[in-house]
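Reproduced below: target-v1.txt, with compact mmCIF, C-alpha atoms.
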```
# COMPACT_ATOMS: atom_id res chain seq x y z
CA MET A 1 97.64 275.47 267.59
CA ASP A 2 97.96 276.87 271.14
CA ASN A 3 98.94 280.35 269.90
CA VAL A 4 96.02 280.51 267.47
CA SER A 5 93.55 279.47 270.19
CA GLY A 6 94.94 282.08 272.56
CA THR A 7 94.53 284.91 270.03
CA SER A 8 90.99 283.84 269.30
CA GLU A 9 90.05 283.85 272.96
CA GLU A 10 91.46 287.35 273.60
CA SER A 11 89.69 289.06 270.67
CA GLY A 12 86.42 287.18 271.08
CA PRO A 13 84.40 285.52 268.33
CA GLU A 14 83.47 287.65 265.33
CA THR A 15 79.71 287.95 264.68
CA GLY A 16 79.75 289.14 261.10
CA ASP A 17 77.01 287.94 258.76
CA ASP A 18 79.45 285.76 256.83
CA GLY A 19 80.24 283.78 260.01
CA GLY A 20 83.91 283.50 259.03
CA GLY A 21 85.21 283.75 262.61
CA THR A 22 82.86 281.11 263.93
CA GLY A 23 83.72 278.76 261.08
CA THR A 24 87.45 279.11 261.74
CA SER A 25 86.97 278.49 265.44
CA THR A 26 84.85 275.43 264.75
CA MET A 27 87.48 274.08 262.34
CA GLU A 28 90.21 274.56 264.92
CA ASP A 29 88.14 272.85 267.59
CA GLY A 30 87.57 269.97 265.21
CA LEU A 31 91.29 269.64 264.53
CA VAL A 32 92.09 269.71 268.22
CA ASN A 33 89.50 267.01 268.86
CA ALA A 34 90.82 264.95 265.97
CA PHE A 35 94.40 265.13 267.24
CA GLY A 36 93.15 264.37 270.73
CA ASP A 37 91.37 261.27 269.44
CA LEU A 38 94.54 260.16 267.63
CA ALA A 39 96.64 260.67 270.74
CA ALA A 40 94.22 258.53 272.73
CA LEU A 41 94.57 255.55 270.40
CA PRO A 42 96.61 252.67 271.85
CA VAL A 43 100.10 252.31 270.40
CA GLU A 44 100.58 248.99 268.65
CA VAL A 45 103.99 247.54 269.43
CA GLY A 46 105.15 245.12 266.76
CA GLU A 47 105.99 241.71 268.14
CA ARG A 48 109.62 240.79 267.61
CA ARG A 49 110.35 237.29 266.47
CA PRO A 50 111.73 235.07 269.25
CA THR A 51 115.53 235.07 269.06
CA CYS A 52 117.87 232.19 269.78
CA LEU A 53 120.03 233.14 272.75
CA ARG A 54 123.12 231.40 271.38
CA CYS A 55 123.38 232.31 267.68
CA ARG A 56 121.26 235.52 268.00
CA ARG A 57 119.22 234.51 264.98
CA PRO A 58 115.39 234.29 264.86
CA GLN A 59 114.41 230.88 266.23
CA LYS A 60 112.82 229.82 262.93
CA VAL A 61 116.17 230.25 261.17
CA CYS A 62 118.40 229.21 264.07
CA LEU A 63 121.93 228.24 263.03
CA CYS A 64 122.86 226.36 266.20
CA PRO A 65 122.93 222.96 264.39
CA PHE A 66 125.91 224.32 262.46
CA LEU A 67 127.78 225.56 265.53
CA PRO A 68 130.24 223.36 267.44
CA GLN A 69 128.57 221.43 270.26
CA GLN A 70 131.11 222.86 272.68
CA PRO A 71 132.93 226.19 272.29
CA LEU A 72 136.32 225.83 270.63
CA GLU A 73 139.20 225.81 273.07
CA VAL A 74 141.60 228.55 272.02
CA SER A 75 144.33 230.45 273.82
CA THR A 76 143.95 233.55 271.62
CA CYS A 77 141.63 236.33 272.78
CA LEU A 78 139.76 238.35 270.15
CA TYR A 79 138.74 241.99 270.50
CA VAL A 80 136.26 243.00 267.79
CA VAL A 81 136.08 246.79 267.56
CA GLN A 82 132.74 247.30 265.85
CA HIS A 83 131.48 250.36 264.00
CA PRO A 84 127.98 251.29 265.33
CA ALA A 85 126.43 250.78 261.87
CA GLU A 86 127.38 247.08 261.96
CA GLU A 87 125.41 246.54 265.17
CA SER A 88 122.09 247.14 263.40
CA ARG A 89 122.74 244.94 260.37
CA VAL A 90 120.50 241.88 260.10
CA LEU A 91 123.06 239.52 258.53
CA ARG A 92 125.98 239.97 260.91
CA THR A 93 128.80 237.46 261.30
CA VAL A 94 130.18 238.53 264.70
CA PRO A 95 127.37 236.89 266.76
CA LEU A 96 128.15 233.59 265.00
CA LEU A 97 131.83 234.02 265.80
CA ALA A 98 131.10 234.72 269.47
CA ALA A 99 128.80 231.69 269.66
CA CYS A 100 131.66 229.41 268.58
CA LEU A 101 134.15 230.59 271.18
CA PRO A 102 134.30 230.41 274.99
CA GLN A 103 133.04 233.34 277.01
CA GLY A 104 135.68 236.05 277.22
CA LYS A 105 137.47 234.93 274.06
CA CYS A 106 135.45 237.16 271.72
CA ASN A 107 134.96 240.63 273.15
CA VAL A 108 132.89 243.10 271.11
CA ILE A 109 133.40 246.83 271.69
CA VAL A 110 131.11 249.19 269.77
CA GLY A 111 132.12 252.72 268.84
CA ARG A 112 133.99 255.04 266.49
CA ARG A 113 136.48 256.73 268.81
CA PHE A 114 138.39 255.07 271.64
CA ASN A 115 140.67 256.52 274.29
CA GLU A 116 142.32 255.46 277.55
CA GLU A 117 139.90 257.40 279.73
CA LYS A 118 136.70 255.87 278.36
CA HIS A 119 138.10 252.48 277.36
CA PRO A 120 140.81 251.56 279.89
CA GLU A 121 140.52 247.81 279.24
CA LEU A 122 140.96 248.22 275.47
CA ALA A 123 143.84 250.65 276.08
CA ALA A 124 145.56 248.08 278.28
CA VAL A 125 145.12 245.44 275.58
CA CYS A 126 146.59 247.78 272.95
CA ARG A 127 149.66 248.36 275.14
CA ASP A 128 150.16 244.64 275.75
CA SER A 129 153.20 243.34 273.82
CA ARG A 130 151.26 240.16 272.93
CA THR A 131 148.54 242.12 271.10
CA LEU A 132 148.24 242.14 267.31
CA ILE A 133 145.93 244.27 265.17
CA LEU A 134 144.69 242.78 261.93
CA TYR A 135 144.98 245.58 259.39
CA PRO A 136 146.89 245.52 256.06
CA GLY A 137 149.41 248.07 254.97
CA PRO A 138 153.10 248.68 254.33
CA LYS A 139 153.89 248.23 258.04
CA SER A 140 151.96 244.95 258.35
CA GLN A 141 153.74 241.64 258.78
CA ASN A 142 152.42 238.39 257.40
CA LEU A 143 150.77 236.62 260.34
CA GLU A 144 152.01 233.20 259.26
CA GLU A 145 155.62 234.41 259.20
CA LEU A 146 155.19 235.87 262.67
CA VAL A 147 154.21 232.55 264.24
CA GLN A 148 156.50 230.25 262.25
CA ASP A 149 159.19 230.16 264.91
CA GLN A 150 156.78 229.97 267.86
CA ASP A 151 155.98 226.78 269.71
CA VAL A 152 152.30 226.00 270.11
CA GLY A 153 150.95 227.60 273.28
CA THR A 154 154.06 229.62 274.14
CA VAL A 155 152.42 233.02 273.44
CA LYS A 156 148.78 233.76 274.18
CA HIS A 157 148.00 236.52 271.72
CA ASN A 158 145.29 239.15 271.73
CA VAL A 159 143.99 240.04 268.27
CA ILE A 160 142.10 243.25 267.47
CA ILE A 161 139.82 243.13 264.43
CA ILE A 162 137.98 246.20 263.13
CA ASP A 163 134.41 245.32 262.12
CA GLY A 164 132.99 247.64 259.48
CA THR A 165 133.02 248.49 255.81
CA TRP A 166 136.35 249.28 254.16
CA SER A 167 135.90 253.04 254.55
CA GLN A 168 134.65 252.70 258.14
CA ALA A 169 137.54 250.44 259.14
CA LYS A 170 140.09 252.73 257.51
CA ASN A 171 138.64 255.78 259.25
CA MET A 172 138.60 254.03 262.63
CA PHE A 173 142.18 252.83 262.27
CA LEU A 174 143.56 256.21 261.22
CA LYS A 175 141.69 258.27 263.81
CA ASN A 176 142.37 256.09 266.88
CA SER A 177 145.96 256.37 268.07
CA LEU A 178 145.44 253.36 270.36
CA PHE A 179 145.24 251.13 267.28
CA HIS A 180 148.74 252.18 266.23
CA LEU A 181 150.30 250.68 269.37
CA PRO A 182 149.93 246.92 268.69
CA LYS A 183 151.96 245.07 266.07
CA GLN A 184 150.19 245.32 262.72
CA VAL A 185 149.60 242.05 260.85
CA GLN A 186 147.78 240.90 257.74
CA LEU A 187 146.61 237.67 256.14
CA ASN A 188 148.51 236.73 253.00
CA ARG A 189 146.58 233.56 252.25
CA THR A 190 144.79 233.67 248.89
CA LEU A 191 141.17 233.09 249.88
CA SER A 192 137.81 233.97 248.35
CA SER A 193 135.10 235.12 250.71
CA GLN A 194 132.25 232.70 251.42
CA TYR A 195 130.10 235.66 252.51
CA VAL A 196 128.48 235.92 249.08
CA ILE A 197 125.31 237.71 250.22
CA ARG A 198 127.18 240.94 250.95
CA THR A 199 129.28 242.95 248.48
CA GLN A 200 133.01 243.06 249.19
CA PRO A 201 135.37 245.65 247.66
CA SER A 202 137.80 243.01 246.39
CA ASN A 203 137.81 239.28 245.71
CA ILE A 204 140.24 238.74 248.58
CA CYS A 205 138.32 240.81 251.14
CA LEU A 206 136.91 238.68 253.95
CA SER A 207 134.13 239.11 256.47
CA THR A 208 135.03 239.62 260.12
CA LEU A 209 134.20 235.99 260.92
CA GLU A 210 136.39 234.76 258.06
CA CYS A 211 139.30 236.95 259.17
CA ALA A 212 138.97 235.63 262.70
CA ALA A 213 138.73 232.04 261.45
CA VAL A 214 141.94 232.31 259.41
CA ALA A 215 143.81 234.22 262.12
CA LEU A 216 142.84 231.73 264.84
CA SER A 217 143.77 228.73 262.69
CA ILE A 218 147.22 230.27 262.15
CA LEU A 219 147.82 231.35 265.74
CA GLU A 220 146.50 228.11 267.21
CA GLN A 221 148.21 226.11 264.45
CA ASN A 222 145.03 224.16 263.83
CA ASP A 223 143.38 224.30 260.40
CA ASP A 224 140.24 222.58 261.74
CA ILE A 225 139.34 225.83 263.53
CA GLN A 226 138.84 227.61 260.21
CA GLU A 227 136.54 224.88 258.92
CA VAL A 228 134.43 224.84 262.10
CA LEU A 229 134.05 228.62 262.24
CA LEU A 230 133.06 228.92 258.58
CA ARG A 231 130.35 226.25 258.80
CA PRO A 232 127.61 228.54 260.22
CA LEU A 233 128.53 231.30 257.73
CA LYS A 234 128.11 228.92 254.80
CA ALA A 235 124.77 227.76 256.24
CA LEU A 236 123.60 231.38 256.64
CA CYS A 237 124.46 232.23 253.03
CA SER A 238 122.90 229.01 251.72
CA PHE A 239 119.63 229.72 253.55
CA GLN A 240 119.47 233.32 252.30
CA LEU A 241 120.14 232.26 248.70
CA GLN A 242 117.40 229.61 248.91
CA HIS A 243 114.96 232.31 250.01
CA GLY A 244 115.54 234.91 247.33
CA ALA A 245 118.88 236.53 248.13
CA GLN A 246 121.24 237.16 245.22
CA ILE A 247 124.95 236.39 245.02
CA HIS A 248 126.90 239.63 245.43
CA HIS A 249 130.04 239.80 243.33
CA SER A 250 132.84 242.00 244.60
CA LYS A 251 133.36 245.46 243.10
CA GLU A 252 136.67 244.17 241.77
CA HIS A 253 134.88 241.35 239.90
CA LEU A 254 132.27 243.74 238.48
CA LEU A 255 134.89 246.22 237.29
CA LYS A 256 137.13 243.58 235.71
CA ASN A 257 134.22 242.02 233.84
CA GLY A 258 132.51 245.23 232.71
CA MET A 259 129.50 244.55 234.94
CA TYR A 260 129.71 247.62 237.18
CA ASP A 261 126.44 249.42 236.40
CA LYS A 262 126.69 252.38 238.76
CA PRO A 263 127.90 255.84 237.65
CA MET A 264 131.66 256.18 237.95
CA PRO A 265 132.71 258.65 240.65
CA LYS A 266 133.91 262.13 239.64
CA ASN A 267 136.19 262.45 242.65
CA LYS A 268 139.79 261.64 241.61
CA ARG A 269 140.50 259.91 244.92
CA LYS A 270 137.55 257.57 244.47
CA ILE A 271 138.56 256.84 240.88
CA LYS A 272 142.08 255.89 242.01
CA ARG A 273 140.61 253.72 244.75
CA MET A 274 138.48 251.84 242.23
CA GLU A 275 141.50 251.41 239.95
CA LYS A 276 143.34 249.87 242.90
CA LEU A 277 140.57 247.31 243.27
CA VAL A 278 141.64 245.90 239.93
CA THR A 279 145.42 246.12 240.41
CA ASP A 280 146.23 246.08 244.13
CA HIS A 281 145.56 243.03 246.32
CA ASN A 282 146.60 244.59 249.62
CA ILE A 283 143.89 247.17 250.18
CA CYS A 284 141.26 245.26 252.09
CA PRO A 285 141.23 245.47 255.89
CA ARG A 286 139.13 242.38 256.46
```

What does the file become when written as structure tokens?
Amino acid sequence: MDNVSGTSEESGPETGDDGGGTGTSTMEDGLVNAFGDLAALPVEVGERRPTCLRCRRPQKVCLCPFLPQQPLEVSTCLYVVQHPAEESRVLRTVPLLAACLPQGKCNVIVGRRFNEEKHPELAAVCRDSRTLILYPGPKSQNLEELVQDQDVGTVKHNVIIIDGTWSQAKNMFLKNSLFHLPKQVQLNRTLSSQYVIRTQPSNICLSTLECAAVALSILEQNDDIQEVLLRPLKALCSFQLQHGAQIHHSKEHLLKNGMYDKPMPKNKRKIKRMEKLVTDHNICPR
């Protein structure tokens, strides 16, 4: 608009009988005034619902009644490495996990790439011999076997958990050399996820909170921890289902039962990955 106005001013208004120049100038002036009026309007900032400071949920749907009255006493320290996309999700499980544990026992670090220069604390944790990273694979050891010969309280472990979708977690693990330093462990318990309001790749894939609950119960040798940590998750899912949410079956379940209604991928890699969902039970990172 500025360039058009400038050209008009330099050449002067045309005075032809048809009045075309004057009409164009008047139209431009009108547009400028209209935009000026719009710019002058006050910006309406939407009011955010009051949020509970403990569970991080809107106060009207606060889940604090389902949290332990006092944070669980644990010797294990969790480091949740969270993909940035998870931070903006409405139905997250990590805030519930953090609300159940003492301050400093659930540390959340957001990002995709991590190095010693920018993340010295995380780098130090990765180099610590007591640190474990929860990620399945051929090099992973069953967590229960690892702690079988340990006395309760003899080793205070750090556990790194990658929080993201399967593809995000895989990408973060492969592209961060720091995550290859700790001992790699996996959960071999046969469990079905209680997080039924979000689609999982496989029936045995667990949410971040569920992974943490199982890992802590094994490391602390206290099965009550798992029950206490899963209580707010079950309450969250129950509330959502009562208010219109649908149960999300895993992709594995949909494929096995002929219920997968999306177009099959053309990429051979993706086809093989989907075939693994039906045959391989060691592909899920969470």

*Using all atoms listed in the file, determine which residues lie at most 9 Å from Arg112 of chain A, disregarding the query and same-chain residues fewer than 6 positions distant; provide the list as number ranges by chain.*
A: 81-84, 168, 171-172, 175-176

*Just how far from atom CA of Val108 of chain A is atom CA of Val228 of chain A, in Å to one decimal?*
20.4 Å

*What separation in Å, quoted to one decimal, exists between atom CA of Val159 of chain A and atom CA of Val80 of chain A?*
8.3 Å

_Using all atoms listed in the file: which of A:Cys211, A:Leu241, A:Leu178, A:Leu216 has the shortest distance to Asn158 of chain A_ =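 Under the stated criterion, the closest residue is A:Leu216.
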
*Find the residue from A:Leu206, A:Leu187, A:Tyr79, A:Leu236 that sits nearest to Arg57 of chain A; use only C-alpha atoms when measuring.*
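Among the listed residues, A:Leu236 lies closest to Arg57 of chain A.
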
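Minimum atom-to-atom distances from A:Val214, A:Leu101, A:Ser167, A:Leu78 to Leu230 of chain A were compared using all atoms listed in the file, and the lowest value belongs to A:Val214.
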
*asked:* Under the rule that all atoms listed in the file are counted, which of A:Arg49, A:Arg113, A:Ala215, A:Glu121 is the nearest residue to Val61 of chain A?
replied: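 Under the stated criterion, the closest residue is A:Arg49.
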
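The coordinates place atom CA of Pro232 of chain A at 21.2 Å from atom CA of Arg189 of chain A.
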
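Shortest separation to Asn142 of chain A among A:Ala98, A:Val185, A:Ile225, A:Cys62 occurs at residue A:Val185, atoms counted being all atoms listed in the file.
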
*Which is closest to Glu116 of chain A among A:Leu96, A:Ala212, A:Phe179, A:Trp166, if we use only C-alpha atoms?*
A:Phe179

*Scan for residues within 8 Å of the point (157.4, 242.8, 271.4) in the coordinates of the file, using only C-alpha atoms, and reply as a ChimeraX atom specification.*
/A:129-130,183

*Test item: which residues lie within 12 Å of (151.3, 239.5, 270.0) counting all atoms listed in the file, as a VMD selection string*: chain A and resid 76 to 78 125 to 134 141 143 146 to 147 150 154 to 160 181 to 185 219

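For Pro102 of chain A, the non-local neighbours within 12 Å, defined as residues at least 2 positions apart in the same chain or in other chains and counting all atoms listed in the file, are Arg54, Pro68, Gln69, Gln70, Pro71, Leu72, Glu73, Val74, Ser75, Thr76, Cys77, Leu78, Leu97, Ala98, Ala99, Cys100, Gly104, Lys105, Cys106 and Asn107 of chain A.
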
*Just the residues within 12 Å of Glu86 of chain A, please, counting all atoms listed in the file, with nothing from its chain fewer than 3 positions along; format it as a ChimeraX atom specification.*
/A:80-83,89-95,108-112,162-165,168-169,207-208
